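Here is the structure we will look at, set down as structure tokens.
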Amino acid sequence: MLDARHGAANDRRIEALLLHHEIETFNGAYAAALDEQRLMDWVEMFTDDASYVVISRENADRGMPVGLIYCENKGMIFDRAFALEKTTMFAPRYLRHIIGNLQVLAEEENGDIRARANYVVLQVLFDRPEAKLHQVGVYYDRFRRAGDQLKLAERRCVYDSLLVDNALCIPV
Amino acid sequence: MLDARHGAANDRRIEALLLHHEIETFNGAYAAALDEQRLMDWVEMFTDDASYVVISRENADRGMPVGLIYCENKGMIFDRAFALEKTTMFAPRYLRHIIGNLQVLAEEENGDIRARANYVVLQVLFDRPEAKLHQVGVYYDRFRRAGDQLKLAERRCVYDSLLVDNALCIPV
Amino acid sequence: MLDARHGAANDRRIEALLLHHEIETFNGAYAAALDEQRLMDWVEMFTDDASYVVISRENADRGMPVGLIYCENKGMIFDRAFALEKTTMFAPRYLRHIIGNLQVLAEEENGDIRARANYVVLQVLFDRPEAKLHQVGVYYDRFRRAGDQLKLAERRCVYDSLLVDNALCIPV
């Protein structure tokens, strides 16, 4: 039989586990939206004031802000998605995200939750037969609760590769 | 102190989490059976009436049923495994599955559980020194409880690559 | 309403889940330490008497003990890390670990916990633009509780590739 003290410690561990699972579920849905090219569903996963940045590890390490993608609110994220949906370059490829090593880091004073996870994006271009590593990196995230859902208030994608293997700046 | 209502909501979340974990554990054991070439253990992870299909995303998207592998019951799954074990082509390779982004989708009326997960199969052929991406895709699954175990009543493996890098149709 | 018997079974499942999560969290922190080249943090994740081995699947399957890395206590692990930090060859690369398919296997008589997980290490070398598969394999682990933390008493990294793509023996 667990005593009350042990029980309270366990409750905290279970709460942490539920939050971890909630973010993992979010990341699974996020990956599915991008993999299935449902870009408008992807847009809805951000808060109105969300920041979404894709930047190289090289630039991130040196504090240089220039990135492949730089959106400072949901309107800019929408514009990015809208432009891609109109681009004939975007469709002819398959993408597949693997998101792993999720770490829930801290809860901030305003209730936002900081987390990180590693990601791999695999890509099949329609003029080549096999899957290739498109991008590898880490998400640095801030999640915010909106009703009974989580949304991204910030996702900063820092990728390792020095070059990205095509000119198109697709979201990851 | 949690009140009863909060407690009941939490119980449901914990139940969902336990089910998620149970399927993740299943997928871990599934991957290990294939990675260690224990094909007869792999066969036992399916129900008698199980469907097991490996099909390209291209064909799946167009509703075309032709796939690399098409088994409509456990007997056919067994035959596939048995044939591979007798094939000298199968052994000289190492396989390694990474299964991620598990999403438990819904419980059907008959109690079956629908889920999906992304997979990557990495392969080392014995005449080449390095690991390569063999196949990348998504599992669309239906799990069924059999006693205190889960079994697959359906696993539909939809792979992204346009070609698979060798003629042998190995299970994934 | 759950009865007491169901409750006790559930408690065991929740305990198993919490342990699984604890090890997953450990592996996330382990990966982050290596990916961010914080080798001294990595050293601290082992017990004083820890064994750390990196060996090919080929040699492991044949019971041959020769590996890329062979450390039989924390002092040797420290030496490895210290040597690498002094090596100008180590820095010019980015590494990214994806650890998946964690399976908690058993608790031994002395309380150690045996587990396994698949890993992929992706590498970007600074003279090549793109990420490559550096190493793919499986961790066979024994964890030990030290205060309120877990430490590795044993990590045996068995990699699939026949050759590792550079001469440097970096930890995985």
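Letters A, B, ... go to the chains of the structure tokens in the order shown; residues in each chain start at 1; ligands are counted from 1 in the same order.
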
Quick one: which segment 80-163 of chain C residues come within 10 Å of segment 92-100 of chain A, and what is the nearest atom pair for each with the distance in Å to one decimal, counting only C-alpha atoms, rows ordered by chain and ascending number, as a Markdown table?
```
| residue | atom | partner | partner_atom | distance |
| --- | --- | --- | --- | --- |
| C:His97 | CA | A:Gly100 | CA | 9.0 |
| C:Ile98 | CA | A:Gly100 | CA | 6.0 |
| C:Ile99 | CA | A:Gly100 | CA | 6.9 |
| C:Gly100 | CA | A:Gly100 | CA | 7.0 |
```

Output the selection as a PDB file, in the first residue's frame - C-alpha atoms for each residue.
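The resulting file, out_36.pdb, is shown below:
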```pdb
ATOM      1  CA  HIS C  97      20.812  10.937 -32.128  1.00  0.00           C
ATOM      2  CA  ILE C  98      17.380   9.444 -32.596  1.00  0.00           C
ATOM      3  CA  ILE C  99      16.674   6.833 -29.932  1.00  0.00           C
ATOM      4  CA  GLY C 100      13.521   4.792 -30.422  1.00  0.00           C
TER       5      GLY C 100
END
```

Check every residue of chain A for an atom within 12 Å of chain B, counting only C-alpha atoms, and provide those that qualify as a CSV table (one decimal) with C-alpha atoms, in the first residue's frame.
```csv
chain,number,residue,atom,x,y,z
A,4,ALA,CA,0.0,9.6,1.1
A,7,GLY,CA,1.0,9.0,-3.5
A,8,ALA,CA,1.5,12.7,-3.9
A,11,ASP,CA,0.7,12.1,-8.7
A,12,ARG,CA,3.3,14.6,-9.8
A,14,ILE,CA,1.8,11.0,-13.5
A,15,GLU,CA,1.0,14.6,-14.2
A,16,ALA,CA,4.4,15.0,-15.9
A,17,LEU,CA,3.9,11.9,-17.9
A,18,LEU,CA,0.4,13.0,-19.1
A,19,LEU,CA,1.9,16.3,-20.2
A,20,HIS,CA,4.7,14.5,-22.0
A,21,HIS,CA,2.2,12.3,-23.7
A,22,GLU,CA,0.0,15.3,-24.7
A,23,ILE,CA,3.0,17.0,-26.4
A,24,GLU,CA,4.0,13.8,-28.1
A,25,THR,CA,0.5,13.4,-29.4
A,26,PHE,CA,0.7,17.0,-30.6
A,27,ASN,CA,3.9,16.3,-32.4
A,28,GLY,CA,2.5,13.2,-34.0
A,29,ALA,CA,-0.5,15.2,-35.4
A,30,TYR,CA,1.9,18.0,-36.5
A,31,ALA,CA,4.0,15.5,-38.4
A,32,ALA,CA,1.0,13.9,-40.0
A,35,ASP,CA,3.4,14.5,-44.3
A,36,GLU,CA,0.0,14.5,-45.8
A,92,PRO,CA,5.9,16.5,-56.4
A,93,ARG,CA,7.5,15.0,-53.3
A,94,TYR,CA,6.7,12.8,-50.3
A,95,LEU,CA,7.8,13.9,-46.9
A,96,ARG,CA,8.0,11.8,-43.8
A,97,HIS,CA,8.8,13.1,-40.3
A,98,ILE,CA,10.2,11.1,-37.5
A,99,ILE,CA,10.1,13.1,-34.2
A,100,GLY,CA,11.9,11.6,-31.3
A,101,ASN,CA,13.7,12.2,-28.0
A,102,LEU,CA,11.0,14.6,-26.7
A,117,ALA,CA,12.6,17.2,-29.6
A,118,ASN,CA,14.9,15.9,-32.4
A,119,TYR,CA,13.4,15.5,-35.9
A,120,VAL,CA,14.3,13.8,-39.1
A,121,VAL,CA,12.6,14.7,-42.3
A,122,LEU,CA,12.9,12.0,-45.1
A,123,GLN,CA,12.0,13.0,-48.6
A,124,VAL,CA,11.2,11.2,-51.8
A,125,LEU,CA,11.4,13.4,-54.9
A,126,PHE,CA,9.4,12.1,-57.9
A,127,ASP,CA,12.4,12.1,-60.2
A,128,ARG,CA,14.5,9.9,-57.9
A,129,PRO,CA,13.5,6.4,-56.7
A,130,GLU,CA,14.7,6.4,-53.2
A,131,ALA,CA,14.1,8.2,-49.9
A,132,LYS,CA,16.8,10.7,-48.8
A,133,LEU,CA,17.5,12.6,-45.6
```

Check: Which one is closest to Asp141 of chain B: B:Glu85, B:Glu108, B:Glu154, B:Asp61? Count only C-alpha atoms.
Finding: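 Closest to Asp141 of chain B, using only C-alpha atoms: B:Glu154.
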
Notebook entry, point to check: Can you list every residue in segment 54-137 of chain B that DSSP puts in alpha helix (DSSP H), as a PyMOL selection string?
Noted result: chain B and resi 57-61+74-85

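Atom pair atom CA of Ala50 of chain C / atom CA of Asn110 of chain C has a distance of 15.0 Å (rounded to one decimal).
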
Checklist line | strand (DSSP E or B) per DSSP on the backbone: members of chain C, as a VMD selection string | finding: chain C and resid 46 to 56 69 to 71 93 to 107 113 to 125 132 to 146 149 to 159

Notebook entry, point to check: If we count only C-alpha atoms, what is near segment 64-77 of chain A at a cut-off of 7 Å, once residues fewer than 3 positions away on the same chain are taken out, given as a list of chain:residue names?
Noted result: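 Near neighbours after the sequence-gap exclusion: A:Val43, A:Phe46, A:Thr47, A:Asp48, A:Asp49, A:Ala50, A:Ser51, A:Tyr52, A:Val53, A:Val54, A:Ile55, A:Ser56, A:Asn59, A:Ala60, A:Arg80, A:Ala81, A:Cys169.
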
Give me a file of those residues, with all heavy atoms, as a compact mmCIF listing (two decimals), in the first residue's frame.
```
# COMPACT_ATOMS: atom_id res chain seq x y z
N VAL A 43 -1.18 25.18 -40.10
CA VAL A 43 -1.28 26.59 -39.66
C VAL A 43 -2.06 26.70 -38.36
O VAL A 43 -1.70 27.46 -37.45
CB VAL A 43 -1.94 27.46 -40.76
CG1 VAL A 43 -2.23 28.86 -40.24
CG2 VAL A 43 -1.07 27.51 -42.01
N PHE A 46 -0.73 26.70 -34.52
CA PHE A 46 0.01 27.81 -33.92
C PHE A 46 -0.94 28.82 -33.27
O PHE A 46 -2.09 28.96 -33.70
CB PHE A 46 0.83 28.52 -35.00
CG PHE A 46 1.97 27.70 -35.54
CD1 PHE A 46 1.80 26.87 -36.64
CD2 PHE A 46 3.21 27.73 -34.93
CE1 PHE A 46 2.83 26.10 -37.14
CE2 PHE A 46 4.26 26.96 -35.42
CZ PHE A 46 4.07 26.15 -36.52
N THR A 47 -0.45 29.53 -32.25
CA THR A 47 -1.21 30.64 -31.68
C THR A 47 -1.11 31.85 -32.62
O THR A 47 -0.24 31.89 -33.50
CB THR A 47 -0.64 31.06 -30.31
OG1 THR A 47 0.71 31.53 -30.49
CG2 THR A 47 -0.64 29.89 -29.33
N ASP A 48 -1.98 32.83 -32.42
CA ASP A 48 -1.98 34.01 -33.29
C ASP A 48 -0.64 34.74 -33.27
O ASP A 48 -0.21 35.27 -34.29
CB ASP A 48 -3.08 34.99 -32.85
CG ASP A 48 -4.48 34.48 -33.20
OD1 ASP A 48 -4.58 33.58 -34.06
OD2 ASP A 48 -5.45 34.98 -32.61
N ASP A 49 0.01 34.77 -32.13
CA ASP A 49 1.26 35.52 -32.01
C ASP A 49 2.48 34.60 -32.14
O ASP A 49 3.58 34.96 -31.71
CB ASP A 49 1.31 36.25 -30.66
CG ASP A 49 1.31 35.28 -29.49
OD1 ASP A 49 0.97 34.09 -29.68
OD2 ASP A 49 1.67 35.71 -28.37
N ALA A 50 2.29 33.43 -32.75
CA ALA A 50 3.35 32.42 -32.74
C ALA A 50 4.55 32.84 -33.59
O ALA A 50 4.43 33.49 -34.62
CB ALA A 50 2.82 31.09 -33.26
N SER A 51 5.70 32.40 -33.14
CA SER A 51 6.93 32.56 -33.90
C SER A 51 7.32 31.20 -34.47
O SER A 51 7.30 30.19 -33.75
CB SER A 51 8.00 33.11 -32.96
OG SER A 51 9.27 32.73 -33.36
N TYR A 52 7.63 31.16 -35.76
CA TYR A 52 8.05 29.91 -36.41
C TYR A 52 9.29 30.20 -37.25
O TYR A 52 9.24 30.99 -38.19
CB TYR A 52 6.94 29.34 -37.29
CG TYR A 52 7.37 28.10 -38.05
CD1 TYR A 52 7.57 26.90 -37.39
CD2 TYR A 52 7.62 28.16 -39.42
CE1 TYR A 52 7.99 25.77 -38.08
CE2 TYR A 52 8.05 27.03 -40.12
CZ TYR A 52 8.23 25.84 -39.43
OH TYR A 52 8.66 24.73 -40.11
N VAL A 53 10.38 29.58 -36.89
CA VAL A 53 11.67 29.87 -37.51
C VAL A 53 12.35 28.56 -37.88
O VAL A 53 12.32 27.60 -37.12
CB VAL A 53 12.57 30.69 -36.54
CG1 VAL A 53 13.96 30.86 -37.09
CG2 VAL A 53 11.93 32.03 -36.23
N VAL A 54 12.95 28.53 -39.06
CA VAL A 54 13.81 27.40 -39.47
C VAL A 54 15.19 27.99 -39.75
O VAL A 54 15.33 28.85 -40.62
CB VAL A 54 13.27 26.69 -40.72
CG1 VAL A 54 14.15 25.49 -41.09
CG2 VAL A 54 11.82 26.24 -40.53
N ILE A 55 16.17 27.56 -39.01
CA ILE A 55 17.50 28.20 -39.06
C ILE A 55 18.58 27.13 -38.94
O ILE A 55 18.37 26.09 -38.31
CB ILE A 55 17.61 29.25 -37.91
CG1 ILE A 55 18.86 30.10 -38.04
CG2 ILE A 55 17.51 28.61 -36.55
CD1 ILE A 55 18.90 31.26 -37.05
N SER A 56 19.72 27.38 -39.55
CA SER A 56 20.81 26.40 -39.48
C SER A 56 21.47 26.44 -38.10
O SER A 56 21.52 27.48 -37.45
CB SER A 56 21.85 26.68 -40.56
OG SER A 56 22.56 27.85 -40.23
N ASN A 59 24.20 29.09 -37.94
CA ASN A 59 23.76 30.45 -37.65
C ASN A 59 23.22 30.58 -36.23
O ASN A 59 23.47 31.57 -35.55
CB ASN A 59 22.70 30.91 -38.66
CG ASN A 59 23.33 31.41 -39.95
OD1 ASN A 59 24.56 31.38 -40.10
ND2 ASN A 59 22.51 31.86 -40.89
N ALA A 60 22.49 29.57 -35.79
CA ALA A 60 21.91 29.62 -34.44
C ALA A 60 23.03 29.69 -33.39
O ALA A 60 22.96 30.48 -32.45
CB ALA A 60 21.03 28.40 -34.20
N ARG A 80 2.91 31.66 -45.75
CA ARG A 80 3.87 30.64 -46.18
C ARG A 80 3.13 29.39 -46.71
O ARG A 80 3.45 28.87 -47.77
CB ARG A 80 4.75 30.28 -44.98
CG ARG A 80 5.59 29.04 -45.08
CD ARG A 80 6.76 29.17 -45.98
NE ARG A 80 7.55 30.36 -45.70
CZ ARG A 80 8.70 30.65 -46.28
NH1 ARG A 80 9.22 29.80 -47.18
NH2 ARG A 80 9.35 31.74 -45.99
N ALA A 81 2.15 28.95 -45.94
CA ALA A 81 1.41 27.75 -46.33
C ALA A 81 0.63 28.00 -47.62
O ALA A 81 0.63 27.17 -48.54
CB ALA A 81 0.46 27.34 -45.20
N CYS A 169 11.78 26.30 -49.68
CA CYS A 169 11.78 26.36 -48.22
C CYS A 169 10.49 25.76 -47.68
O CYS A 169 9.52 26.49 -47.44
CB CYS A 169 11.94 27.80 -47.77
SG CYS A 169 13.49 28.49 -48.35
```
